[in-house]
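Novice: Just so it is clear, I am handing over upload.txt, which has compact mmCIF, C-alpha atoms.
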```txt
# COMPACT_ATOMS: atom_id res chain seq x y z
CA MET Z 560 -18.16 -76.99 -4.41
CA LYS Z 561 -21.28 -75.34 -3.01
CA ILE Z 562 -19.87 -75.60 0.47
CA LEU Z 563 -16.65 -73.92 -0.67
CA LYS Z 564 -18.64 -71.04 -2.17
CA ILE Z 565 -20.66 -70.65 1.03
CA VAL Z 566 -17.49 -70.69 3.19
CA MET Z 567 -15.85 -68.12 0.89
CA ALA Z 568 -18.94 -65.90 1.04
CA ILE Z 569 -19.03 -66.07 4.85
CA ALA Z 570 -15.27 -65.33 5.08
CA THR Z 571 -15.65 -62.39 2.74
CA MET Z 572 -18.56 -61.02 4.80
CA LEU Z 573 -16.59 -61.37 8.03
CA PHE Z 574 -13.57 -59.67 6.49
CA MET Z 575 -15.71 -56.79 5.20
CA SER Z 576 -17.50 -56.36 8.50
CA ASN Z 577 -14.16 -56.01 10.33
CA THR Z 578 -13.14 -53.33 7.84
CA VAL Z 579 -16.41 -51.50 8.36
CA LEU Z 580 -16.06 -51.70 12.14
CA ALA Z 581 -12.52 -50.23 11.90
CA GLN Z 582 -13.67 -47.18 9.99
CA ASN Z 583 -14.31 -43.85 11.71
CA GLN Z 584 -16.05 -40.85 10.24
CA GLU Z 585 -15.88 -37.15 11.17
CA THR Z 586 -17.46 -34.04 9.68
CA ALA Z 587 -15.62 -30.88 8.69
CA TYR Z 588 -17.19 -27.58 7.72
CA ALA Z 589 -16.34 -25.53 4.67
CA TYR Z 590 -16.35 -21.77 5.13
CA ALA Z 591 -16.14 -18.74 2.87
CA GLU Z 592 -16.94 -15.08 3.26
CA ALA Z 593 -17.59 -12.73 0.38
CA VAL Z 594 -16.16 -9.33 1.30
CA VAL Z 595 -16.64 -5.84 -0.02
CA PRO Z 596 -14.01 -5.18 -2.69
CA LEU Z 597 -11.37 -2.61 -1.86
CA MET Z 598 -11.94 0.67 -3.67
CA LEU Z 599 -9.16 3.25 -3.75
CA ASN Z 600 -9.98 6.72 -5.03
CA LYS Z 601 -7.77 9.78 -5.36
CA GLY Z 602 -8.68 12.34 -2.72
CA THR Z 603 -8.51 16.12 -2.90
CA ASN Z 604 -4.77 16.64 -2.43
CA ASP Z 605 -1.71 15.58 -4.40
CA LEU Z 606 1.78 15.29 -2.94
CA ALA Z 607 2.73 18.97 -3.20
CA PHE Z 608 6.08 20.33 -2.07
CA GLY Z 609 5.03 23.95 -2.67
CA ALA Z 610 7.21 26.79 -3.92
CA LEU Z 611 10.90 26.75 -3.14
CA GLN Z 612 14.09 28.54 -4.02
CA PRO Z 613 17.02 26.10 -4.34
CA ASP Z 614 20.35 26.68 -2.68
CA PRO Z 615 22.75 27.76 -5.47
CA LEU Z 616 25.69 25.88 -3.94
CA ALA Z 617 24.33 22.76 -2.21
CA ALA Z 618 21.78 20.04 -2.79
CA ALA Z 619 18.85 19.91 -0.39
CA THR Z 620 15.82 17.83 0.53
CA LEU Z 621 12.27 18.75 1.44
CA THR Z 622 10.15 16.16 3.24
CA ILE Z 623 6.37 16.17 3.50
CA SER Z 624 5.02 13.86 6.22
CA ALA Z 625 2.09 11.51 5.60
CA ALA Z 626 -0.65 13.39 7.45
CA GLU Z 627 -3.77 15.44 6.84
CA THR Z 628 -1.79 18.46 8.04
CA PRO Z 629 1.76 17.44 7.16
CA THR Z 630 5.00 18.48 8.75
CA VAL Z 631 7.45 20.02 6.28
CA THR Z 632 11.14 19.42 6.98
CA LYS Z 633 14.14 20.91 5.16
CA GLY Z 634 17.41 19.03 4.93
CA GLY Z 635 20.75 19.44 3.23
CA GLY Z 636 21.32 22.87 1.71
CA SER Z 637 21.11 25.47 4.44
CA ASN Z 638 20.03 28.18 2.00
CA LEU Z 639 16.94 26.36 0.66
CA ILE Z 640 14.01 28.75 0.95
CA VAL Z 641 10.47 27.37 1.14
CA TYR Z 642 7.61 29.79 0.49
CA ASN Z 643 4.08 29.49 1.86
CA PHE Z 644 2.17 30.88 -1.13
CA LYS Z 645 1.88 27.39 -2.70
CA PRO Z 646 0.32 24.49 -0.77
CA GLN Z 647 2.38 21.77 0.85
CA THR Z 648 0.25 18.65 1.15
CA ALA Z 649 0.51 14.90 1.43
CA ALA Z 650 -1.25 12.94 -1.30
CA GLU Z 651 -4.70 11.87 -0.17
CA PHE Z 652 -6.60 8.68 -1.07
CA ASP Z 653 -10.00 7.43 0.06
CA LEU Z 654 -10.21 3.69 0.72
CA THR Z 655 -13.40 1.72 1.24
CA GLY Z 656 -13.75 -1.98 2.00
CA SER Z 657 -14.92 -4.50 4.58
CA PRO Z 658 -15.01 -3.07 8.11
CA PHE Z 659 -11.93 -4.11 10.11
CA GLY Z 660 -10.39 -5.68 6.98
CA GLY Z 661 -6.61 -5.63 7.03
CA PHE Z 662 -4.87 -4.05 4.06
CA ILE Z 663 -1.35 -3.44 2.86
CA ILE Z 664 -0.21 -0.33 0.97
CA THR Z 665 2.37 -0.54 -1.80
CA HIS Z 666 4.02 2.63 -3.08
CA PRO Z 667 7.08 3.17 -5.27
CA SER Z 668 10.60 3.58 -4.00
CA THR Z 669 11.13 6.63 -6.25
CA ALA Z 670 9.29 8.93 -8.64
CA THR Z 671 10.70 11.45 -11.10
CA LEU Z 672 9.40 14.99 -11.45
CA THR Z 673 10.20 16.68 -14.77
CA ASN Z 674 10.46 20.41 -15.38
CA THR Z 675 7.51 21.26 -17.63
CA ASP Z 676 8.72 24.83 -18.21
CA SER Z 677 12.11 24.09 -19.72
CA GLY Z 678 12.99 22.75 -23.13
CA ASN Z 679 15.45 20.34 -21.58
CA SER Z 680 14.86 17.40 -19.29
CA GLU Z 681 15.60 18.87 -15.85
CA THR Z 682 14.33 16.50 -13.15
CA MET Z 683 14.02 16.05 -9.40
CA THR Z 684 13.46 12.75 -7.61
CA VAL Z 685 11.00 11.92 -4.85
CA ASP Z 686 11.91 9.02 -2.58
CA ASN Z 687 11.36 7.77 0.98
CA PHE Z 688 7.60 7.53 0.43
CA THR Z 689 5.64 6.96 3.63
CA SER Z 690 1.99 6.51 4.51
CA ASN Z 691 -0.08 7.11 7.61
CA ALA Z 692 -0.72 3.37 8.03
CA THR Z 693 0.04 2.32 11.59
CA TYR Z 694 1.86 -1.00 11.30
CA SER Z 695 4.83 -2.61 9.55
CA PHE Z 696 6.87 0.39 8.44
CA ASN Z 697 3.73 2.41 7.59
CA THR Z 698 2.42 -0.07 5.01
CA LEU Z 699 -0.17 -2.09 6.95
CA ASP Z 700 -3.41 -1.15 8.70
CA PHE Z 701 -7.09 -1.99 9.21
CA ILE Z 702 -10.19 -0.40 7.71
CA LYS Z 703 -12.35 1.46 10.23
CA ASN Z 704 -15.64 0.01 11.47
CA ASP Z 705 -17.55 2.24 9.02
CA GLY Z 706 -15.72 0.63 6.06
CA THR Z 707 -13.50 3.65 5.25
CA TYR Z 708 -9.90 4.72 5.68
CA LYS Z 709 -8.14 7.92 4.62
CA ILE Z 710 -4.62 7.24 3.31
CA TYR Z 711 -2.00 9.99 3.23
CA ILE Z 712 1.28 9.55 1.33
CA GLY Z 713 4.30 11.73 2.01
CA GLY Z 714 7.83 11.69 0.62
CA THR Z 715 11.15 13.45 0.24
CA LEU Z 716 11.97 15.73 -2.68
CA ASN Z 717 15.66 15.74 -3.68
CA ILE Z 718 16.65 19.18 -4.95
CA GLY Z 719 19.91 19.68 -6.81
CA ALA Z 720 22.29 22.54 -6.17
CA ALA Z 721 21.18 25.43 -8.41
CA GLN Z 722 18.16 23.38 -9.54
CA ALA Z 723 16.65 24.91 -12.70
CA VAL Z 724 13.65 27.19 -12.19
CA GLY Z 725 10.31 25.80 -13.37
CA SER Z 726 7.27 23.70 -12.53
CA TYR Z 727 8.14 20.05 -11.92
CA THR Z 728 5.47 17.37 -12.21
CA GLY Z 729 5.31 13.60 -12.19
CA THR Z 730 3.15 10.73 -11.06
CA PHE Z 731 3.38 7.75 -8.74
CA GLU Z 732 1.08 4.79 -8.11
CA VAL Z 733 -0.33 3.53 -4.84
CA THR Z 734 -1.82 0.03 -4.57
CA VAL Z 735 -3.80 -1.52 -1.72
CA ASN Z 736 -4.65 -5.18 -1.16
CA TYR Z 737 -6.33 -7.15 1.59
CA PHE Z 738 -3.96 -9.32 3.59
```
Take the structure from the file and write it as C-alpha cells.

Specialist:
Amino acid sequence: MKILKIVMAIATMLFMSNTVLAQNQETAYAYAEAVVPLMLNKGTNDLAFGALQPDPLAAATLTISAAETPTVTKGGGSNLIVYNFKPQTAAEFDLTGSPFGGFIITHPSTATLTNTDSGNSETMTVDNFTSNATYSFNTLDFIKNDGTYKIYIGGTLNIGAAQAVGSYTGTFEVTVNYF
C-alpha cells in the first residue's frame, strides 16, 4: 500500500510538472489618461438675424453662416429687405479642454422664435444649423494646442409671407463631447 501511494505521488508530480512546463506567461500593460474636462461657455454673440422687413407676398429665408464675421444670404421672397442697423452674428461659444482632443458638436435640427411684442403666438423657425467645425458635416473637430476652440453656430431663419412685425426670440442648446 505504501508503494502504491509513492507511485501515485510520483505520477501526480510528473503530471503536474508537464502542465507547468506547458504554461506560458506574458505581461500586458494597463493604461489610462485623465484629461481636462470640456468646458463650454457662451461667448459674446448670439445668433442674430438683425432687422428685416418681410416680403408681403412670399415666404423668405435668411441664412447666417457659422463664422466670426458671418456671410448673410437671402433666399425665397425677392422683396425681403434686410437692414444693417441691427447686428447679424453667428452664436459664439468658447470651448476649453485637452489640447488636440477631438470633440463632436450637437445642435438642434430646429428652434422656434416667438414674437414677444404681440399678444398672439406668432413664430418663426430656425433650421439648418451649422458650426465652424471642420470635419463630418461641420460637427467634428480638434481642440487647438493651447486647449481652446472658438465655436460659431449659424442657421437659417424661415420668414413667412407678411410675417407679423415684432421682436422674435427663442433659445437653442449646443452640446460638445469628446470622441

Novice: Considering only C-alpha atoms, return as a list in words whatever protein or nucleic-acid residues lie within 8 Å of Ala670 of chain Z, sequence-local ones (same chain, fewer than 3 positions apart) excluded.

Specialist: Pro667, Thr684, Val685, Asp686, Gly729, Thr730 and Phe731 of chain Z

Novice: Which residue is closest to Ile664 of chain Z? Choose from Z:Asp705, Z:Val735, Z:Gly713, Z:Asn600 and count only C-alpha atoms.

Specialist: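 Closest residue, counting only C-alpha atoms: Z:Val735.
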
Novice: Which of these, Z:Ala617, Z:Ile562, Z:Val594, Z:Leu606, has the shortest distance to Ala649 of chain Z once you count only C-alpha atoms?

Specialist: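 The answer is Z:Leu606, which sits nearest to Ala649 of chain Z.
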
Novice: Considering all atoms listed in the file, state which residue in the set Z:Ser668, Z:Asn604, Z:Asn704, Z:Thr728 is at the smallest distance from Gln647 of chain Z.

Specialist: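 Comparing Z:Ser668, Z:Asn604, Z:Asn704, Z:Thr728 against Gln647 of chain Z, the winner is Z:Asn604.
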
Novice: So that I can check the surroundings of Asn674 of chain Z, please list as a list in words every protein, DNA and RNA residue that reaches within 6 Å of it, counting all atoms listed in the file and ignoring chain neighbours fewer than 6 positions away.

Specialist: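 These residues fall inside the cut-off: Glu681, Thr682, Gly725, Ser726 and Tyr727 of chain Z.
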
Novice: Find the residues around Ala610 of chain Z up to 8 Å (all atoms listed in the file counted), leave out those fewer than 2 positions away in its own chain, and share them as number ranges by chain.

Specialist: Z: 608, 612, 641-646

Novice: Could you pull the residues within 10 Å of Thr620 of chain Z, counting only C-alpha atoms, minus those fewer than 2 positions along the same chain, as a short mmCIF file (atom, residue, chain, number, x, y, z; two decimals) with C-alpha atoms, keeping the file's coordinate frame?

Specialist:
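The resulting around.cif:
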```cif
data_model
loop_
_atom_site.label_atom_id
_atom_site.label_comp_id
_atom_site.auth_asym_id
_atom_site.auth_seq_id
_atom_site.Cartn_x
_atom_site.Cartn_y
_atom_site.Cartn_z
CA PRO Z 613 17.02 26.10 -4.34
CA ALA Z 618 21.78 20.04 -2.79
CA THR Z 622 10.15 16.16 3.24
CA THR Z 632 11.14 19.42 6.98
CA LYS Z 633 14.14 20.91 5.16
CA GLY Z 634 17.41 19.03 4.93
CA GLY Z 635 20.75 19.44 3.23
CA GLY Z 636 21.32 22.87 1.71
CA LEU Z 639 16.94 26.36 0.66
CA THR Z 684 13.46 12.75 -7.61
CA VAL Z 685 11.00 11.92 -4.85
CA THR Z 715 11.15 13.45 0.24
CA LEU Z 716 11.97 15.73 -2.68
CA ASN Z 717 15.66 15.74 -3.68
CA ILE Z 718 16.65 19.18 -4.95
CA GLY Z 719 19.91 19.68 -6.81
#
```

Novice: Any idea what the distance is between atom CA of Asp614 of chain Z and atom CA of Ser680 of chain Z?

Specialist: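 A separation of 19.8 Å between them.
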
Novice: Taking all atoms listed in the file into account, name the residue in Z:Phe738, Z:Phe688, Z:Tyr694, Z:Phe662 that is nearest to Tyr708 of chain Z.

Specialist: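 Among the listed residues, the smallest separation from Tyr708 of chain Z belongs to Z:Phe662.
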
Novice: For atom CA of Thr603 of chain Z and atom CA of Ala619 of chain Z, quote the distance in Å rounded to one decimal.

Specialist: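 Atom CA of Ala619 of chain Z lies at a distance of 27.7 Å from atom CA of Thr603 of chain Z.
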
Novice: Here is a test: counting only C-alpha atoms, which residue of Z:Met683, Z:Ile702, Z:Val733, Z:Ala593 is nearest to Thr655 of chain Z?

Specialist: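 Closest candidate: Z:Ile702.
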
Novice: How many Å lie between atom CA of Thr693 of chain Z and atom CA of Ile712 of chain Z, rounded to one decimal?

Specialist: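 If I compute the distance from atom CA of Thr693 of chain Z to atom CA of Ile712 of chain Z, I get 12.6 Å.
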
Novice: Using only C-alpha atoms, pick whichever of Z:Gly661, Z:Ala721, Z:Asn638, Z:Ala650 has the shortest atom-to-atom distance to Ile623 of chain Z.

Specialist: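 With only C-alpha atoms as the atom set, the closest residue is Z:Ala650.
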
Novice: Which neighbours of Ser657 of chain Z fall inside 6 Å, counting only C-alpha atoms, when residues of the same chain fewer than 2 positions from it are skipped, and could you give them as a VMD selection string?

Specialist: chain Z and resid 594 to 595 660 706

Novice: Just write the chosen residues, C-alpha atoms, as a short mmCIF file (atom, residue, chain, number, x, y, z; two decimals), in the frame of the given file.

Specialist:
```
data_model
loop_
_atom_site.label_atom_id
_atom_site.label_comp_id
_atom_site.auth_asym_id
_atom_site.auth_seq_id
_atom_site.Cartn_x
_atom_site.Cartn_y
_atom_site.Cartn_z
CA VAL Z 594 -16.16 -9.33 1.30
CA VAL Z 595 -16.64 -5.84 -0.02
CA GLY Z 660 -10.39 -5.68 6.98
CA GLY Z 706 -15.72 0.63 6.06
#
```

Novice: Find the smallest box with edges along x, y and z containing every listed atom of segment 664-683 of chain Z, then add 6 Å on each side and report centre and edge lengths in Å to one decimal, as AutoDock Vina command-line options.

Specialist:
```
--center_x 7.7 --center_y 12.1 --center_z -11.1 --size_x 27.8 --size_y 37.4 --size_z 36.1
```

Novice: If I put a ball of radius 6 Å at (12.9, 26.5, -15.6) in the file's coordinates, which residues poke into it when counting only C-alpha atoms, written as a list of chain:residue names?

Specialist: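 Residues close enough to count: Z:Asp676, Z:Ser677, Z:Ala723, Z:Val724, Z:Gly725.
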
Novice: Mind dumping the selected residues with C-alpha atoms as a PDB file, in the coordinates of the input?

Specialist:
```
ATOM      1  CA  ASP Z 676       8.720  24.830 -18.210  1.00  0.00           C
ATOM      2  CA  SER Z 677      12.110  24.090 -19.720  1.00  0.00           C
ATOM      3  CA  ALA Z 723      16.650  24.910 -12.700  1.00  0.00           C
ATOM      4  CA  VAL Z 724      13.650  27.190 -12.190  1.00  0.00           C
ATOM      5  CA  GLY Z 725      10.310  25.800 -13.370  1.00  0.00           C
TER       6      GLY Z 725
END
```

Novice: Counting all atoms listed in the file, I want the residues whose atoms come within 6 Å of (2.2, 10.2, 4.1) in the file frame, returned as a CSV table (one decimal) with C-alpha atoms, keeping the file's coordinate frame.

Specialist:
```
chain,number,residue,atom,x,y,z
Z,624,SER,CA,5.0,13.9,6.2
Z,625,ALA,CA,2.1,11.5,5.6
Z,626,ALA,CA,-0.6,13.4,7.4
Z,649,ALA,CA,0.5,14.9,1.4
Z,689,THR,CA,5.6,7.0,3.6
Z,690,SER,CA,2.0,6.5,4.5
Z,691,ASN,CA,-0.1,7.1,7.6
Z,711,TYR,CA,-2.0,10.0,3.2
Z,712,ILE,CA,1.3,9.6,1.3
Z,713,GLY,CA,4.3,11.7,2.0
```

Novice: Since the input lacks atoms, please generate N, CA and C atoms for segment 606-632 of chain Z and provide them as a CSV table (one decimal), keeping the file's coordinate frame.

Specialist:
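New file out18.csv:
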```
chain,number,residue,atom,x,y,z
Z,606,LEU,N,0.5,15.1,-3.7
Z,606,LEU,CA,1.8,15.3,-2.9
Z,606,LEU,C,2.4,16.6,-3.5
Z,607,ALA,N,2.3,17.6,-2.7
Z,607,ALA,CA,2.7,19.0,-3.2
Z,607,ALA,C,3.8,19.5,-2.3
Z,608,PHE,N,5.0,19.8,-2.8
Z,608,PHE,CA,6.1,20.3,-2.1
Z,608,PHE,C,6.1,21.9,-2.0
Z,609,GLY,N,5.2,22.5,-2.7
Z,609,GLY,CA,5.0,24.0,-2.7
Z,609,GLY,C,6.1,24.7,-3.5
Z,610,ALA,N,6.3,25.9,-3.2
Z,610,ALA,CA,7.2,26.8,-3.9
Z,610,ALA,C,8.5,26.9,-3.1
Z,611,LEU,N,9.6,26.7,-3.8
Z,611,LEU,CA,10.9,26.8,-3.1
Z,611,LEU,C,11.9,27.4,-4.0
Z,612,GLN,N,13.0,27.9,-3.3
Z,612,GLN,CA,14.1,28.5,-4.0
Z,612,GLN,C,15.3,27.7,-3.6
Z,613,PRO,N,15.9,27.0,-4.6
Z,613,PRO,CA,17.0,26.1,-4.3
Z,613,PRO,C,18.3,26.9,-3.9
Z,614,ASP,N,19.1,26.2,-3.1
Z,614,ASP,CA,20.4,26.7,-2.7
Z,614,ASP,C,21.3,26.7,-3.9
Z,615,PRO,N,21.9,27.7,-4.3
Z,615,PRO,CA,22.8,27.8,-5.5
Z,615,PRO,C,24.0,26.9,-5.3
Z,616,LEU,N,24.4,26.6,-4.1
Z,616,LEU,CA,25.7,25.9,-3.9
Z,616,LEU,C,25.6,24.4,-3.4
Z,617,ALA,N,24.4,24.1,-2.8
Z,617,ALA,CA,24.3,22.8,-2.2
Z,617,ALA,C,23.0,22.1,-2.5
Z,618,ALA,N,23.0,20.8,-2.6
Z,618,ALA,CA,21.8,20.0,-2.8
Z,618,ALA,C,21.0,20.1,-1.5
Z,619,ALA,N,19.7,19.9,-1.6
Z,619,ALA,CA,18.8,19.9,-0.4
Z,619,ALA,C,17.7,18.9,-0.5
Z,620,THR,N,17.0,18.7,0.6
Z,620,THR,CA,15.8,17.8,0.5
Z,620,THR,C,14.7,18.6,1.2
Z,621,LEU,N,13.5,18.2,0.8
Z,621,LEU,CA,12.3,18.8,1.4
Z,621,LEU,C,11.3,17.6,1.7
Z,622,THR,N,11.0,17.3,2.9
Z,622,THR,CA,10.2,16.2,3.2
Z,622,THR,C,8.8,16.6,3.7
Z,623,ILE,N,7.8,16.0,3.1
Z,623,ILE,CA,6.4,16.2,3.5
Z,623,ILE,C,5.9,14.9,4.2
Z,624,SER,N,5.5,15.0,5.5
Z,624,SER,CA,5.0,13.9,6.2
Z,624,SER,C,3.7,13.4,5.7
Z,625,ALA,N,3.3,12.1,6.0
Z,625,ALA,CA,2.1,11.5,5.6
Z,625,ALA,C,1.0,11.8,6.6
Z,626,ALA,N,0.4,13.0,6.5
Z,626,ALA,CA,-0.6,13.4,7.4
Z,626,ALA,C,-1.6,14.4,6.8
Z,627,GLU,N,-2.8,14.5,7.4
Z,627,GLU,CA,-3.8,15.4,6.8
Z,627,GLU,C,-3.2,16.9,6.9
Z,628,THR,N,-2.5,17.2,7.9
Z,628,THR,CA,-1.8,18.5,8.0
Z,628,THR,C,-0.3,18.1,8.2
Z,629,PRO,N,0.4,18.0,7.1
Z,629,PRO,CA,1.8,17.4,7.2
Z,629,PRO,C,2.8,18.4,7.8
Z,630,THR,N,3.8,17.8,8.3
Z,630,THR,CA,5.0,18.5,8.8
Z,630,THR,C,5.9,18.6,7.6
Z,631,VAL,N,6.5,19.8,7.4
Z,631,VAL,CA,7.4,20.0,6.3
Z,631,VAL,C,8.8,20.2,6.9
Z,632,THR,N,9.8,19.4,6.4
Z,632,THR,CA,11.1,19.4,7.0
Z,632,THR,C,12.2,19.6,5.9
```
